[in-house]
$ cat input-v2.pdb   # PDB, C-alpha atoms, pLDDT in the B column
ATOM      1  CA  MET A   1       5.865   6.571   0.695  1.00 74.00           C
ATOM      2  CA  GLY A   2       9.410   5.343   1.292  1.00 81.00           C
ATOM      3  CA  LYS A   3       8.435   1.720   1.852  1.00 88.00           C
ATOM      4  CA  PHE A   4       6.213   1.740  -1.237  1.00 92.00           C
ATOM      5  CA  LEU A   5       9.164   2.902  -3.333  1.00 92.00           C
ATOM      6  CA  LEU A   6      11.298   0.153  -1.825  1.00 92.00           C
ATOM      7  CA  TYR A   7       8.622  -2.410  -2.756  1.00 94.00           C
ATOM      8  CA  ILE A   8       8.672  -1.183  -6.355  1.00 95.00           C
ATOM      9  CA  LEU A   9      12.461  -1.270  -6.573  1.00 94.00           C
ATOM     10  CA  SER A  10      12.798  -4.647  -4.875  1.00 95.00           C
ATOM     11  CA  THR A  11      10.094  -6.123  -7.116  1.00 95.00           C
ATOM     12  CA  ILE A  12      12.080  -5.078 -10.181  1.00 95.00           C
ATOM     13  CA  LEU A  13      15.305  -6.390  -8.652  1.00 94.00           C
ATOM     14  CA  VAL A  14      13.836  -9.752  -7.597  1.00 94.00           C
ATOM     15  CA  ILE A  15      12.079 -10.368 -10.927  1.00 93.00           C
ATOM     16  CA  TRP A  16      15.247  -9.470 -12.805  1.00 94.00           C
ATOM     17  CA  SER A  17      17.385 -11.769 -10.650  1.00 93.00           C
ATOM     18  CA  MET A  18      14.898 -14.677 -10.674  1.00 90.00           C
ATOM     19  CA  ASP A  19      14.802 -14.534 -14.456  1.00 88.00           C
ATOM     20  CA  SER A  20      18.318 -15.971 -14.562  1.00 88.00           C
ATOM     21  CA  VAL A  21      17.409 -19.088 -12.535  1.00 83.00           C
ATOM     22  CA  ASN A  22      16.324 -22.200 -14.423  1.00 82.00           C
ATOM     23  CA  ILE A  23      13.920 -23.918 -12.042  1.00 79.00           C
ATOM     24  CA  ASN A  24      12.737 -26.451 -14.604  1.00 77.00           C
ATOM     25  CA  GLN A  25      15.487 -28.862 -13.576  1.00 82.00           C
ATOM     26  CA  ILE A  26      14.336 -28.867  -9.940  1.00 83.00           C
ATOM     27  CA  PHE A  27      10.789 -30.090 -10.546  1.00 84.00           C
ATOM     28  CA  LYS A  28       9.466 -33.328 -11.927  1.00 85.00           C
ATOM     29  CA  LYS A  29       8.185 -33.488 -15.478  1.00 86.00           C
ATOM     30  CA  ASN A  30       4.557 -32.426 -16.066  1.00 87.00           C
ATOM     31  CA  LYS A  31       4.419 -30.479 -12.772  1.00 86.00           C
ATOM     32  CA  ILE A  32       4.035 -27.096 -14.437  1.00 85.00           C
ATOM     33  CA  ILE A  33       1.330 -25.682 -12.148  1.00 90.00           C
ATOM     34  CA  GLU A  34       3.248 -26.622  -8.997  1.00 88.00           C
ATOM     35  CA  ALA A  35       6.428 -25.055 -10.382  1.00 87.00           C
ATOM     36  CA  MET A  36       4.587 -21.833 -11.256  1.00 89.00           C
ATOM     37  CA  ILE A  37       3.022 -21.613  -7.794  1.00 93.00           C
ATOM     38  CA  PHE A  38       6.390 -22.228  -6.148  1.00 91.00           C
ATOM     39  CA  TYR A  39       8.073 -19.613  -8.357  1.00 90.00           C
ATOM     40  CA  PHE A  40       5.340 -17.078  -7.531  1.00 94.00           C
ATOM     41  CA  LEU A  41       5.517 -17.711  -3.782  1.00 96.00           C
ATOM     42  CA  LEU A  42       9.301 -17.594  -3.848  1.00 94.00           C
ATOM     43  CA  GLY A  43       9.170 -14.257  -5.651  1.00 94.00           C
ATOM     44  CA  ILE A  44       6.654 -12.769  -3.209  1.00 97.00           C
ATOM     45  CA  SER A  45       8.739 -13.982  -0.272  1.00 97.00           C
ATOM     46  CA  LEU A  46      11.947 -12.541  -1.666  1.00 96.00           C
ATOM     47  CA  ILE A  47      10.290  -9.204  -2.417  1.00 96.00           C
ATOM     48  CA  TYR A  48       9.004  -9.012   1.159  1.00 97.00           C
ATOM     49  CA  LEU A  49      12.352  -9.969   2.691  1.00 96.00           C
ATOM     50  CA  VAL A  50      14.435  -7.635   0.526  1.00 95.00           C
ATOM     51  CA  THR A  51      12.088  -4.704   1.122  1.00 96.00           C
ATOM     52  CA  ASN A  52      12.019  -5.176   4.883  1.00 95.00           C
ATOM     53  CA  PHE A  53      15.788  -5.635   5.024  1.00 94.00           C
ATOM     54  CA  PHE A  54      16.477  -2.381   3.208  1.00 91.00           C
ATOM     55  CA  PHE A  55      13.743  -0.523   5.105  1.00 92.00           C
ATOM     56  CA  ASP A  56      15.166  -1.654   8.449  1.00 92.00           C
ATOM     57  CA  LEU A  57      18.683  -0.833   7.277  1.00 91.00           C
ATOM     58  CA  PHE A  58      17.705   2.656   6.132  1.00 88.00           C
ATOM     59  CA  THR A  59      15.663   3.230   9.281  1.00 89.00           C
ATOM     60  CA  SER A  60      18.536   2.222  11.553  1.00 92.00           C
ATOM     61  CA  LEU A  61      20.894   4.482   9.588  1.00 91.00           C
ATOM     62  CA  LYS A  62      18.214   7.226   9.698  1.00 83.00           C
ATOM     63  CA  ILE A  63      18.206   7.670   5.930  1.00 73.00           C
ATOM     64  CA  PHE A  64      14.384   7.545   5.639  1.00 62.00           C
TER      65      PHE A  64
END

$ encode --input "input-v2.pdb" --output "structure tokens"
Amino acid sequence: MGKFLLYILSTILVIWSMDSVNINQIFKKNKIIEAMIFYFLLGISLIYLVTNFFFDLFTSLKIF
């Protein structure tokens, strides 16, 4: 249950923080699908990394 809650919280945190990044300047013009796929994969990766970081941190500190 603890890791599921961390996934929910990190999803909210990552989506909120990625909203401030303008990735349109990174990609070429008319590459909308590629930019969306990259943005999605980047978000999933960040959610996974943030969740596992906090879970390992809390586990090592014996909070969970």

$ resolve_selection --input "input-v2.pdb" --expression "the PyMOL selection byres ((chain A and resi 49-55) around 8)" --output "list in words"
Lys3, Leu6, Tyr7, Ser10, Ser45, Leu46, Ile47, Tyr48, Asp56, Leu57, Phe58 and Thr59 of chain A

$ resolve_selection --input "input-v2.pdb" --expression "the PyMOL selection byres ((chain A and resi 14) around 9)" --output "PyMOL selection string"
chain A and resi 9-13+15-19+43-44+46-47+50

$ resolve_selection --input "input-v2.pdb" --expression "the PyMOL selection byres ((chain A and resi 23) around 12)" --output "ChimeraX atom specification"
/A:18-22,24-29,31-32,34-40,42

$ write_last_selection --input "input-v2.pdb" --atoms "C-alpha atoms" --output "PDB file, in the coordinates of the input"
ATOM      1  CA  MET A  18      14.898 -14.677 -10.674  1.00 90.00           C
ATOM      2  CA  ASP A  19      14.802 -14.534 -14.456  1.00 88.00           C
ATOM      3  CA  SER A  20      18.318 -15.971 -14.562  1.00 88.00           C
ATOM      4  CA  VAL A  21      17.409 -19.088 -12.535  1.00 83.00           C
ATOM      5  CA  ASN A  22      16.324 -22.200 -14.423  1.00 82.00           C
ATOM      6  CA  ASN A  24      12.737 -26.451 -14.604  1.00 77.00           C
ATOM      7  CA  GLN A  25      15.487 -28.862 -13.576  1.00 82.00           C
ATOM      8  CA  ILE A  26      14.336 -28.867  -9.940  1.00 83.00           C
ATOM      9  CA  PHE A  27      10.789 -30.090 -10.546  1.00 84.00           C
ATOM     10  CA  LYS A  28       9.466 -33.328 -11.927  1.00 85.00           C
ATOM     11  CA  LYS A  29       8.185 -33.488 -15.478  1.00 86.00           C
ATOM     12  CA  LYS A  31       4.419 -30.479 -12.772  1.00 86.00           C
ATOM     13  CA  ILE A  32       4.035 -27.096 -14.437  1.00 85.00           C
ATOM     14  CA  GLU A  34       3.248 -26.622  -8.997  1.00 88.00           C
ATOM     15  CA  ALA A  35       6.428 -25.055 -10.382  1.00 87.00           C
ATOM     16  CA  MET A  36       4.587 -21.833 -11.256  1.00 89.00           C
ATOM     17  CA  ILE A  37       3.022 -21.613  -7.794  1.00 93.00           C
ATOM     18  CA  PHE A  38       6.390 -22.228  -6.148  1.00 91.00           C
ATOM     19  CA  TYR A  39       8.073 -19.613  -8.357  1.00 90.00           C
ATOM     20  CA  PHE A  40       5.340 -17.078  -7.531  1.00 94.00           C
ATOM     21  CA  LEU A  42       9.301 -17.594  -3.848  1.00 94.00           C
TER      22      LEU A  42
END

$ axis_aligned_box --input "input-v2.pdb" --around "range 13-16 of chain A" --padding-each-side "4 Å" --output "lines of an AutoDock Vina configuration file"
center_x = 13.7
center_y = -8.4
center_z = -10.2
size_x = 11.2
size_y = 12.0
size_z = 13.2

$ decode --input "input-v2.pdb" --residues "chain A" --atoms "C-alpha atoms" --output "mmCIF file, in the first residue's frame"
data_model
loop_
_atom_site.group_PDB
_atom_site.id
_atom_site.type_symbol
_atom_site.label_atom_id
_atom_site.label_comp_id
_atom_site.auth_asym_id
_atom_site.auth_seq_id
_atom_site.Cartn_x
_atom_site.Cartn_y
_atom_site.Cartn_z
ATOM 1 C CA MET A 1 0.000 0.000 0.000
ATOM 2 C CA GLY A 2 2.882 2.353 0.766
ATOM 3 C CA LYS A 3 4.474 2.086 -2.667
ATOM 4 C CA PHE A 4 1.112 2.616 -4.372
ATOM 5 C CA LEU A 5 0.655 5.852 -2.429
ATOM 6 C CA LEU A 6 4.149 6.931 -3.435
ATOM 7 C CA TYR A 7 3.287 6.248 -7.094
ATOM 8 C CA ILE A 8 0.202 8.452 -6.798
ATOM 9 C CA LEU A 9 2.101 11.278 -5.119
ATOM 10 C CA SER A 10 5.072 11.107 -7.474
ATOM 11 C CA THR A 11 2.760 11.053 -10.500
ATOM 12 C CA ILE A 12 1.164 14.293 -9.325
ATOM 13 C CA LEU A 13 4.572 15.809 -8.582
ATOM 14 C CA VAL A 14 6.125 14.803 -11.922
ATOM 15 C CA ILE A 15 3.143 15.962 -13.999
ATOM 16 C CA TRP A 16 3.079 19.259 -12.131
ATOM 17 C CA SER A 17 6.817 19.805 -12.612
ATOM 18 C CA MET A 18 6.855 18.716 -16.280
ATOM 19 C CA ASP A 19 4.078 21.180 -17.018
ATOM 20 C CA SER A 20 6.550 24.035 -16.595
ATOM 21 C CA VAL A 21 8.967 22.709 -19.250
ATOM 22 C CA ASN A 22 8.537 23.911 -22.827
ATOM 23 C CA ILE A 23 9.748 20.988 -24.922
ATOM 24 C CA ASN A 24 8.517 22.452 -28.197
ATOM 25 C CA GLN A 25 11.840 24.216 -28.726
ATOM 26 C CA ILE A 26 13.788 20.945 -28.494
ATOM 27 C CA PHE A 27 12.059 19.135 -31.354
ATOM 28 C CA LYS A 28 11.918 19.856 -35.042
ATOM 29 C CA LYS A 29 8.816 21.398 -36.552
ATOM 30 C CA ASN A 30 5.976 19.017 -37.497
ATOM 31 C CA LYS A 31 7.297 16.260 -35.193
ATOM 32 C CA ILE A 32 4.321 16.375 -32.848
ATOM 33 C CA ILE A 33 3.825 12.614 -32.435
ATOM 34 C CA GLU A 34 7.504 12.032 -31.646
ATOM 35 C CA ALA A 35 7.477 14.857 -29.096
ATOM 36 C CA MET A 36 4.360 13.449 -27.411
ATOM 37 C CA ILE A 37 5.859 9.957 -27.221
ATOM 38 C CA PHE A 38 9.096 11.340 -25.791
ATOM 39 C CA TYR A 39 7.198 13.442 -23.236
ATOM 40 C CA PHE A 40 5.129 10.407 -22.195
ATOM 41 C CA LEU A 41 8.159 8.130 -21.843
ATOM 42 C CA LEU A 42 10.065 10.804 -19.958
ATOM 43 C CA GLY A 43 7.148 11.200 -17.562
ATOM 44 C CA ILE A 44 6.826 7.453 -16.963
ATOM 45 C CA SER A 45 10.572 7.192 -16.375
ATOM 46 C CA LEU A 46 10.612 10.071 -13.921
ATOM 47 C CA ILE A 47 7.626 8.684 -12.024
ATOM 48 C CA TYR A 48 9.367 5.315 -11.701
ATOM 49 C CA LEU A 49 12.673 6.837 -10.596
ATOM 50 C CA VAL A 50 11.153 9.252 -8.081
ATOM 51 C CA THR A 51 8.938 6.557 -6.568
ATOM 52 C CA ASN A 52 11.770 4.063 -6.194
ATOM 53 C CA PHE A 53 14.087 6.713 -4.763
ATOM 54 C CA PHE A 54 11.635 7.712 -2.051
ATOM 55 C CA PHE A 55 10.639 4.100 -1.357
ATOM 56 C CA ASP A 56 14.281 3.081 -0.926
ATOM 57 C CA LEU A 57 14.935 6.162 1.194
ATOM 58 C CA PHE A 58 11.960 5.484 3.459
ATOM 59 C CA THR A 59 12.818 1.792 3.656
ATOM 60 C CA SER A 60 16.418 2.490 4.651
ATOM 61 C CA LEU A 61 15.218 4.978 7.276
ATOM 62 C CA LYS A 62 12.574 2.420 8.367
ATOM 63 C CA ILE A 63 9.711 4.870 7.931
ATOM 64 C CA PHE A 64 7.537 2.413 5.944
#
